[in-house]
Amino acid sequence: MLSLVPEIYQMKKSIRSSRKDLDRLRLNLFQKQIRNIYENVPFYREVFKKLHIAPEDFQKIHDLRKLPIIMKEDIRNNREKFFNEKMNSEKCFHSFSSGSTGQPFSSYFDKRCWVRKKYLSKLRARFSCGIHLGDRVAIFESEPAENLKRLNGFHPLRDLLLYIQYFSIFDDIDALLKRLIEFKPQNAYGPQSFFFYFAREVQKNKQTLSFLKRIYTSSEYGQRHAAQFIRDILQVEIYDIYGSTEFKEVSWECEQHQGYHINEDEVICEILNGNIPAAPGEVGEIVLTDLRNHAMPLIRYRIHDRGKILQENCPCGRTFSLMLPVAGRASEYIRLPDGEKISPFRFTTAIEKFSGLLQYQFIQESRADIVIKVIIDEKTSAKTFTNIEQMIKNITKGQMRVTVRKTDRILPEENGKFKVVKNMIQEPALA
């Protein structure tokens, strides 16, 4: 633990370092990682040999583009080639993704990297957003309550900085509310779709949770109207987080809510259209490079999420660059009968212009049918349904039958995650 003290100090310092100092740190980490993959990772050693390049050829961050983009399929078929041959996988930590894209995946981390990503970088961001030492935190997991008993059991380090209790999003809502009121957390962490459902139940029961001050959402694309509803009903501030199983926390919202601060001392975030860098503000595919993981370093990893880099500096004064994740994986594009693919981002940005809309979900049921499930407030007129229907018909160029369906609840997937766009057509993932 003592060996991490300099690292903790550097992490706290980096968040407000000058851009020059931060870039120097990133370049140093980048070059060390390049040396690591060249010397210790068989896949990259072969790539270097094939492309006739050496670690000395990587003098700038953008030299990263000399290396190929990789995807899950590349690793799944050759996992041992992506693992550091000087490390023992049994002594590493690992995370398992349930595979929301239908592709389960395991990632391995060396011990030092795991501590940084699993704990230190998260604590840095949460303390930046209002959590204090000794606060109580309720963590809502997409796990049955039975599976959370161990986490809620005794551990000597568990309540060292924060008092934490784990809750299941599948629990009976009345029993869950009772436990929450007994615990009285100032902070809660979990999926936005759960907190939206939770806020509606609190509203229905005319309850107040004055102890709750902050909610941190993750694992899903955030909907603006749903977030505002949660704020209004629960009287809390909401901070969204973007991350993945392979990289842990990648970026996070601060109190200004003007984008997501990239953990630039942990990852390099590229936004690409095809293999070409997207212009600032242009939506493209997110490609990530890990600067810290030496056990199974993922370099230029196409994560199948979409986003954009923001040019603006955040008014909060923190140095880390800003990005904005947007809705839709490549496999969740809507495909028209004529074969054209339309990004989910087109639909989400259009539908969020309508007032009174609290939550929504797009479902492509067939090549010619799209259903939009909506939850609306009581003051929304029937004309809104007609306007949504016409807007989607325009976006899909009149090629699809559009049905707008009012509902009281939109259920998450079996893994507890909520999908804004669901493509039910059984076909290969779309690039």
# chains A, B, ... in the order shown; residues from 1 in each chain; ligands from 1

$ residues_around --residues "A:Val404" --least-positions-apart "6" --cutoff "9 Å" --atoms "only C-alpha atoms" --output "PyMOL selection string"
chain A and resi 370-374+385-386+388-389

$ write_last_selection --atoms "C-alpha atoms" --output "JSON list (two decimals), in the first residue's frame"
[["chain", "number", "residue", "atom", "x", "y", "z"],
["A", 370, "ILE", "CA", -39.74, -0.07, -36.06],
["A", 371, "VAL", "CA", -41.46, 0.35, -32.68],
["A", 372, "ILE", "CA", -40.78, 3.28, -30.36],
["A", 373, "LYS", "CA", -41.73, 2.62, -26.74],
["A", 374, "VAL", "CA", -42.24, 5.84, -24.79],
["A", 385, "PHE", "CA", -47.17, 10.71, -30.73],
["A", 386, "THR", "CA", -48.05, 11.83, -34.25],
["A", 388, "ILE", "CA", -42.64, 11.38, -33.21],
["A", 389, "GLU", "CA", -44.09, 8.97, -35.75]]

$ select_by_dssp --residues "stretch 73-189 of chain A" --states "alpha helix (DSSP H)" --output "number ranges by chain"
A: 73-77, 111-115, 121-128, 173-183

$ closest_residue --among "A:Asn275, A:Leu25, A:Glu253, A:Lys341" --to "A:Met323" --atoms "only C-alpha atoms"
A:Glu253

$ residues_around --residues "A:Gln228" --least-positions-apart "5" --cutoff "9 Å" --atoms "only C-alpha atoms" --output "ChimeraX atom specification"
/A:223,233,238,358

$ select_by_dssp --residues "stretch 222-375 of chain A" --states "strand (DSSP E or B)" --output "VMD selection string"
chain A and resid 237 to 244 248 to 253 260 to 262 267 to 273 276 to 277 284 to 290 301 to 310 322 to 326 334 to 335 341 to 342 357 to 366 369 to 375

$ write_last_selection --atoms "C-alpha atoms" --output "PDB file, in the first residue's frame"
ATOM      1  CA  GLU A 237     -27.251  15.891  -8.738  1.00  0.00           C
ATOM      2  CA  ILE A 238     -26.421  13.274 -11.390  1.00  0.00           C
ATOM      3  CA  TYR A 239     -22.979  12.454 -12.767  1.00  0.00           C
ATOM      4  CA  ASP A 240     -22.625   9.999 -15.635  1.00  0.00           C
ATOM      5  CA  ILE A 241     -19.600   7.752 -16.184  1.00  0.00           C
ATOM      6  CA  TYR A 242     -18.359   6.065 -19.346  1.00  0.00           C
ATOM      7  CA  GLY A 243     -16.273   2.912 -19.099  1.00  0.00           C
ATOM      8  CA  SER A 244     -15.918  -0.716 -20.101  1.00  0.00           C
ATOM      9  CA  LYS A 248     -12.643   0.199 -16.428  1.00  0.00           C
ATOM     10  CA  GLU A 249     -13.467   3.907 -16.064  1.00  0.00           C
ATOM     11  CA  VAL A 250     -12.589   5.817 -19.229  1.00  0.00           C
ATOM     12  CA  SER A 251     -14.256   9.203 -18.691  1.00  0.00           C
ATOM     13  CA  TRP A 252     -16.645  10.962 -16.322  1.00  0.00           C
ATOM     14  CA  GLU A 253     -18.820  14.019 -15.919  1.00  0.00           C
ATOM     15  CA  TYR A 260     -16.817  13.698 -19.980  1.00  0.00           C
ATOM     16  CA  HIS A 261     -13.257  14.123 -18.699  1.00  0.00           C
ATOM     17  CA  ILE A 262     -11.056  11.417 -20.230  1.00  0.00           C
ATOM     18  CA  VAL A 267      -5.987   5.704 -21.652  1.00  0.00           C
ATOM     19  CA  ILE A 268      -5.587   7.253 -25.076  1.00  0.00           C
ATOM     20  CA  CYS A 269      -8.971   7.842 -26.687  1.00  0.00           C
ATOM     21  CA  GLU A 270      -9.184   8.053 -30.479  1.00  0.00           C
ATOM     22  CA  ILE A 271     -12.375   8.806 -32.396  1.00  0.00           C
ATOM     23  CA  LEU A 272     -12.239   7.333 -35.894  1.00  0.00           C
ATOM     24  CA  ASN A 273     -14.328   7.251 -39.031  1.00  0.00           C
ATOM     25  CA  ILE A 276      -9.231   8.031 -40.239  1.00  0.00           C
ATOM     26  CA  PRO A 277      -9.318  10.373 -37.207  1.00  0.00           C
ATOM     27  CA  GLY A 284     -17.077   8.304 -34.859  1.00  0.00           C
ATOM     28  CA  GLU A 285     -16.068   4.987 -33.338  1.00  0.00           C
ATOM     29  CA  ILE A 286     -14.171   4.973 -30.058  1.00  0.00           C
ATOM     30  CA  VAL A 287     -10.757   3.286 -30.165  1.00  0.00           C
ATOM     31  CA  LEU A 288      -8.863   2.975 -26.861  1.00  0.00           C
ATOM     32  CA  THR A 289      -5.255   2.323 -25.876  1.00  0.00           C
ATOM     33  CA  ASP A 290      -4.340   1.328 -22.324  1.00  0.00           C
ATOM     34  CA  TYR A 301      -8.850  -1.507 -29.395  1.00  0.00           C
ATOM     35  CA  ARG A 302     -12.111  -0.832 -31.237  1.00  0.00           C
ATOM     36  CA  ILE A 303     -14.653  -1.027 -28.461  1.00  0.00           C
ATOM     37  CA  HIS A 304     -17.722  -0.739 -30.716  1.00  0.00           C
ATOM     38  CA  ASP A 305     -19.038   2.373 -28.969  1.00  0.00           C
ATOM     39  CA  ARG A 306     -19.431   5.759 -30.596  1.00  0.00           C
ATOM     40  CA  GLY A 307     -18.567   9.244 -29.416  1.00  0.00           C
ATOM     41  CA  LYS A 308     -16.879  12.521 -30.227  1.00  0.00           C
ATOM     42  CA  ILE A 309     -13.990  14.605 -28.913  1.00  0.00           C
ATOM     43  CA  LEU A 310     -14.967  18.075 -27.678  1.00  0.00           C
ATOM     44  CA  LEU A 322     -13.446  16.171 -22.906  1.00  0.00           C
ATOM     45  CA  MET A 323     -15.334  13.603 -24.933  1.00  0.00           C
ATOM     46  CA  LEU A 324     -18.994  12.696 -25.325  1.00  0.00           C
ATOM     47  CA  PRO A 325     -20.214   9.102 -25.738  1.00  0.00           C
ATOM     48  CA  VAL A 326     -23.299   8.831 -27.953  1.00  0.00           C
ATOM     49  CA  ILE A 334     -31.167   0.602 -37.817  1.00  0.00           C
ATOM     50  CA  ARG A 335     -31.034  -0.945 -41.274  1.00  0.00           C
ATOM     51  CA  LYS A 341     -27.670   1.850 -42.150  1.00  0.00           C
ATOM     52  CA  ILE A 342     -28.718   4.705 -39.873  1.00  0.00           C
ATOM     53  CA  LEU A 357     -40.870  12.559 -23.024  1.00  0.00           C
ATOM     54  CA  LEU A 358     -39.363  10.797 -19.983  1.00  0.00           C
ATOM     55  CA  GLN A 359     -37.860   7.591 -21.402  1.00  0.00           C
ATOM     56  CA  TYR A 360     -37.828   5.863 -24.773  1.00  0.00           C
ATOM     57  CA  GLN A 361     -36.570   2.824 -26.641  1.00  0.00           C
ATOM     58  CA  PHE A 362     -36.285   2.059 -30.369  1.00  0.00           C
ATOM     59  CA  ILE A 363     -36.839  -1.550 -31.475  1.00  0.00           C
ATOM     60  CA  GLN A 364     -36.316  -2.695 -35.060  1.00  0.00           C
ATOM     61  CA  GLU A 365     -38.580  -5.740 -35.174  1.00  0.00           C
ATOM     62  CA  SER A 366     -38.114  -6.522 -38.864  1.00  0.00           C
ATOM     63  CA  ASP A 369     -40.968  -2.330 -38.828  1.00  0.00           C
ATOM     64  CA  ILE A 370     -39.737  -0.066 -36.061  1.00  0.00           C
ATOM     65  CA  VAL A 371     -41.456   0.346 -32.685  1.00  0.00           C
ATOM     66  CA  ILE A 372     -40.776   3.278 -30.356  1.00  0.00           C
ATOM     67  CA  LYS A 373     -41.729   2.616 -26.743  1.00  0.00           C
ATOM     68  CA  VAL A 374     -42.236   5.844 -24.791  1.00  0.00           C
ATOM     69  CA  ILE A 375     -42.934   6.863 -21.230  1.00  0.00           C
TER      70      ILE A 375
END

$ closest_residue --among "A:Tyr9, A:Phe167, A:Tyr44, A:Phe320" --to "A:Arg300" --atoms "only C-alpha atoms"
A:Tyr44

$ residues_around --residues "A:Glu201" --least-positions-apart "4" --cutoff "12 Å" --atoms "only C-alpha atoms" --output "VMD selection string"
chain A and resid 172 to 174 176 to 177 194 to 197 205 to 208 230 233 to 234 408 to 409

$ write_last_selection --atoms "N, CA and C atoms" --output "compact mmCIF listing (two decimals), in the first residue's frame"
# COMPACT_ATOMS: atom_id res chain seq x y z
N ASP A 172 -37.38 -6.49 -4.71
CA ASP A 172 -38.69 -5.86 -4.54
C ASP A 172 -38.49 -4.41 -4.14
N ILE A 173 -39.18 -3.51 -4.81
CA ILE A 173 -38.92 -2.08 -4.63
C ILE A 173 -39.24 -1.61 -3.21
N ASP A 174 -40.29 -2.15 -2.59
CA ASP A 174 -40.64 -1.72 -1.22
C ASP A 174 -39.56 -2.16 -0.22
N LEU A 176 -36.47 -2.79 -0.96
CA LEU A 176 -35.27 -2.04 -1.28
C LEU A 176 -35.32 -0.64 -0.67
N LEU A 177 -36.49 0.02 -0.78
CA LEU A 177 -36.66 1.36 -0.21
C LEU A 177 -36.47 1.34 1.30
N PHE A 194 -32.47 2.13 -14.00
CA PHE A 194 -32.97 1.72 -12.69
C PHE A 194 -33.39 2.94 -11.88
N PHE A 195 -32.55 3.97 -11.85
CA PHE A 195 -32.88 5.15 -11.06
C PHE A 195 -34.13 5.86 -11.60
N PHE A 196 -34.35 5.78 -12.90
CA PHE A 196 -35.57 6.34 -13.48
C PHE A 196 -36.79 5.59 -12.93
N TYR A 197 -36.74 4.27 -12.98
CA TYR A 197 -37.82 3.45 -12.43
C TYR A 197 -37.98 3.71 -10.93
N ASN A 205 -45.27 6.81 -4.46
CA ASN A 205 -45.48 6.60 -3.02
C ASN A 205 -45.40 7.90 -2.21
N LYS A 206 -45.14 9.01 -2.91
CA LYS A 206 -45.05 10.33 -2.27
C LYS A 206 -44.03 10.33 -1.13
N GLN A 207 -42.89 9.73 -1.42
CA GLN A 207 -41.83 9.68 -0.42
C GLN A 207 -40.77 10.73 -0.70
N THR A 208 -39.98 11.03 0.29
CA THR A 208 -38.83 11.92 0.12
C THR A 208 -37.59 11.21 0.66
N ILE A 230 -35.16 12.26 -12.89
CA ILE A 230 -34.53 11.77 -11.65
C ILE A 230 -34.12 12.95 -10.78
N ILE A 233 -37.37 14.62 -9.20
CA ILE A 233 -38.10 13.83 -8.21
C ILE A 233 -37.27 13.57 -6.97
N LEU A 234 -36.02 13.18 -7.16
CA LEU A 234 -35.17 12.81 -6.02
C LEU A 234 -34.37 13.99 -5.46
N ASP A 408 -45.86 1.96 -19.45
CA ASP A 408 -45.57 2.41 -18.08
C ASP A 408 -44.15 2.08 -17.64
N ARG A 409 -43.57 1.05 -18.27
CA ARG A 409 -42.20 0.70 -17.91
C ARG A 409 -41.51 0.00 -19.08

$ closest_residue --among "A:Arg19, A:Lys184, A:Lys111, A:His294" --to "A:Phe82" --atoms "only C-alpha atoms"
A:His294

$ decode --residues "stretch 276-362 of chain A" --atoms "C-alpha atoms" --output "PDB file, in the first residue's frame"
ATOM      1  CA  ILE A 276      -9.231   8.031 -40.239  1.00  0.00           C
ATOM      2  CA  PRO A 277      -9.318  10.373 -37.207  1.00  0.00           C
ATOM      3  CA  ALA A 278     -12.665  12.147 -36.938  1.00  0.00           C
ATOM      4  CA  ALA A 279     -12.623  15.928 -36.757  1.00  0.00           C
ATOM      5  CA  PRO A 280     -13.256  17.465 -33.308  1.00  0.00           C
ATOM      6  CA  GLY A 281     -16.988  17.388 -32.679  1.00  0.00           C
ATOM      7  CA  GLU A 282     -17.565  14.717 -35.328  1.00  0.00           C
ATOM      8  CA  VAL A 283     -19.115  11.426 -34.206  1.00  0.00           C
ATOM      9  CA  GLY A 284     -17.077   8.304 -34.859  1.00  0.00           C
ATOM     10  CA  GLU A 285     -16.068   4.987 -33.338  1.00  0.00           C
ATOM     11  CA  ILE A 286     -14.171   4.973 -30.058  1.00  0.00           C
ATOM     12  CA  VAL A 287     -10.757   3.286 -30.165  1.00  0.00           C
ATOM     13  CA  LEU A 288      -8.863   2.975 -26.861  1.00  0.00           C
ATOM     14  CA  THR A 289      -5.255   2.323 -25.876  1.00  0.00           C
ATOM     15  CA  ASP A 290      -4.340   1.328 -22.324  1.00  0.00           C
ATOM     16  CA  LEU A 291      -1.356   3.167 -20.867  1.00  0.00           C
ATOM     17  CA  ARG A 292      -1.177   1.250 -17.586  1.00  0.00           C
ATOM     18  CA  ASN A 293      -2.032  -2.413 -18.064  1.00  0.00           C
ATOM     19  CA  HIS A 294       1.148  -4.428 -18.625  1.00  0.00           C
ATOM     20  CA  ALA A 295      -0.464  -7.863 -18.317  1.00  0.00           C
ATOM     21  CA  MET A 296      -2.877  -7.758 -21.246  1.00  0.00           C
ATOM     22  CA  PRO A 297      -2.321  -4.371 -22.881  1.00  0.00           C
ATOM     23  CA  LEU A 298      -5.006  -3.475 -25.398  1.00  0.00           C
ATOM     24  CA  ILE A 299      -3.591  -1.118 -28.015  1.00  0.00           C
ATOM     25  CA  ARG A 300      -5.910   0.607 -30.492  1.00  0.00           C
ATOM     26  CA  TYR A 301      -8.850  -1.507 -29.395  1.00  0.00           C
ATOM     27  CA  ARG A 302     -12.111  -0.832 -31.237  1.00  0.00           C
ATOM     28  CA  ILE A 303     -14.653  -1.027 -28.461  1.00  0.00           C
ATOM     29  CA  HIS A 304     -17.722  -0.739 -30.716  1.00  0.00           C
ATOM     30  CA  ASP A 305     -19.038   2.373 -28.969  1.00  0.00           C
ATOM     31  CA  ARG A 306     -19.431   5.759 -30.596  1.00  0.00           C
ATOM     32  CA  GLY A 307     -18.567   9.244 -29.416  1.00  0.00           C
ATOM     33  CA  LYS A 308     -16.879  12.521 -30.227  1.00  0.00           C
ATOM     34  CA  ILE A 309     -13.990  14.605 -28.913  1.00  0.00           C
ATOM     35  CA  LEU A 310     -14.967  18.075 -27.678  1.00  0.00           C
ATOM     36  CA  GLN A 311     -12.641  20.995 -28.375  1.00  0.00           C
ATOM     37  CA  GLU A 312     -13.780  23.148 -25.484  1.00  0.00           C
ATOM     38  CA  ASN A 313     -11.946  23.367 -22.182  1.00  0.00           C
ATOM     39  CA  CYS A 314     -14.110  22.594 -19.177  1.00  0.00           C
ATOM     40  CA  PRO A 315     -14.949  25.621 -16.986  1.00  0.00           C
ATOM     41  CA  CYS A 316     -14.096  23.479 -13.932  1.00  0.00           C
ATOM     42  CA  GLY A 317     -10.388  24.038 -14.671  1.00  0.00           C
ATOM     43  CA  ARG A 318      -9.455  20.357 -14.801  1.00  0.00           C
ATOM     44  CA  THR A 319      -6.965  19.614 -17.550  1.00  0.00           C
ATOM     45  CA  PHE A 320      -8.225  16.284 -18.868  1.00  0.00           C
ATOM     46  CA  SER A 321      -9.719  16.564 -22.364  1.00  0.00           C
ATOM     47  CA  LEU A 322     -13.446  16.171 -22.906  1.00  0.00           C
ATOM     48  CA  MET A 323     -15.334  13.603 -24.933  1.00  0.00           C
ATOM     49  CA  LEU A 324     -18.994  12.696 -25.325  1.00  0.00           C
ATOM     50  CA  PRO A 325     -20.214   9.102 -25.738  1.00  0.00           C
ATOM     51  CA  VAL A 326     -23.299   8.831 -27.953  1.00  0.00           C
ATOM     52  CA  ALA A 327     -25.973   6.182 -28.293  1.00  0.00           C
ATOM     53  CA  GLY A 328     -25.475   3.060 -30.273  1.00  0.00           C
ATOM     54  CA  ARG A 329     -23.014   0.314 -30.923  1.00  0.00           C
ATOM     55  CA  ALA A 330     -22.290  -0.650 -34.493  1.00  0.00           C
ATOM     56  CA  SER A 331     -24.523  -3.715 -34.072  1.00  0.00           C
ATOM     57  CA  GLU A 332     -27.439  -1.480 -33.041  1.00  0.00           C
ATOM     58  CA  TYR A 333     -27.740   0.528 -36.233  1.00  0.00           C
ATOM     59  CA  ILE A 334     -31.167   0.602 -37.817  1.00  0.00           C
ATOM     60  CA  ARG A 335     -31.034  -0.945 -41.274  1.00  0.00           C
ATOM     61  CA  LEU A 336     -33.530   0.214 -43.892  1.00  0.00           C
ATOM     62  CA  PRO A 337     -35.157  -2.203 -46.375  1.00  0.00           C
ATOM     63  CA  ASP A 338     -32.873  -0.826 -49.120  1.00  0.00           C
ATOM     64  CA  GLY A 339     -29.788  -1.768 -47.024  1.00  0.00           C
ATOM     65  CA  GLU A 340     -28.817   1.701 -45.779  1.00  0.00           C
ATOM     66  CA  LYS A 341     -27.670   1.850 -42.150  1.00  0.00           C
ATOM     67  CA  ILE A 342     -28.718   4.705 -39.873  1.00  0.00           C
ATOM     68  CA  SER A 343     -26.851   5.516 -36.670  1.00  0.00           C
ATOM     69  CA  PRO A 344     -28.846   5.369 -33.412  1.00  0.00           C
ATOM     70  CA  PHE A 345     -27.465   8.863 -32.748  1.00  0.00           C
ATOM     71  CA  ARG A 346     -29.758  10.206 -35.493  1.00  0.00           C
ATOM     72  CA  PHE A 347     -32.804   8.885 -33.649  1.00  0.00           C
ATOM     73  CA  THR A 348     -31.814   9.827 -30.111  1.00  0.00           C
ATOM     74  CA  THR A 349     -30.860  13.433 -30.919  1.00  0.00           C
ATOM     75  CA  ALA A 350     -34.124  13.884 -32.815  1.00  0.00           C
ATOM     76  CA  ILE A 351     -36.489  12.376 -30.239  1.00  0.00           C
ATOM     77  CA  GLU A 352     -34.981  14.217 -27.277  1.00  0.00           C
ATOM     78  CA  LYS A 353     -36.286  17.497 -28.734  1.00  0.00           C
ATOM     79  CA  PHE A 354     -39.809  16.565 -27.613  1.00  0.00           C
ATOM     80  CA  SER A 355     -40.920  17.898 -24.245  1.00  0.00           C
ATOM     81  CA  GLY A 356     -42.819  15.598 -21.904  1.00  0.00           C
ATOM     82  CA  LEU A 357     -40.870  12.559 -23.024  1.00  0.00           C
ATOM     83  CA  LEU A 358     -39.363  10.797 -19.983  1.00  0.00           C
ATOM     84  CA  GLN A 359     -37.860   7.591 -21.402  1.00  0.00           C
ATOM     85  CA  TYR A 360     -37.828   5.863 -24.773  1.00  0.00           C
ATOM     86  CA  GLN A 361     -36.570   2.824 -26.641  1.00  0.00           C
ATOM     87  CA  PHE A 362     -36.285   2.059 -30.369  1.00  0.00           C
TER      88      PHE A 362
END
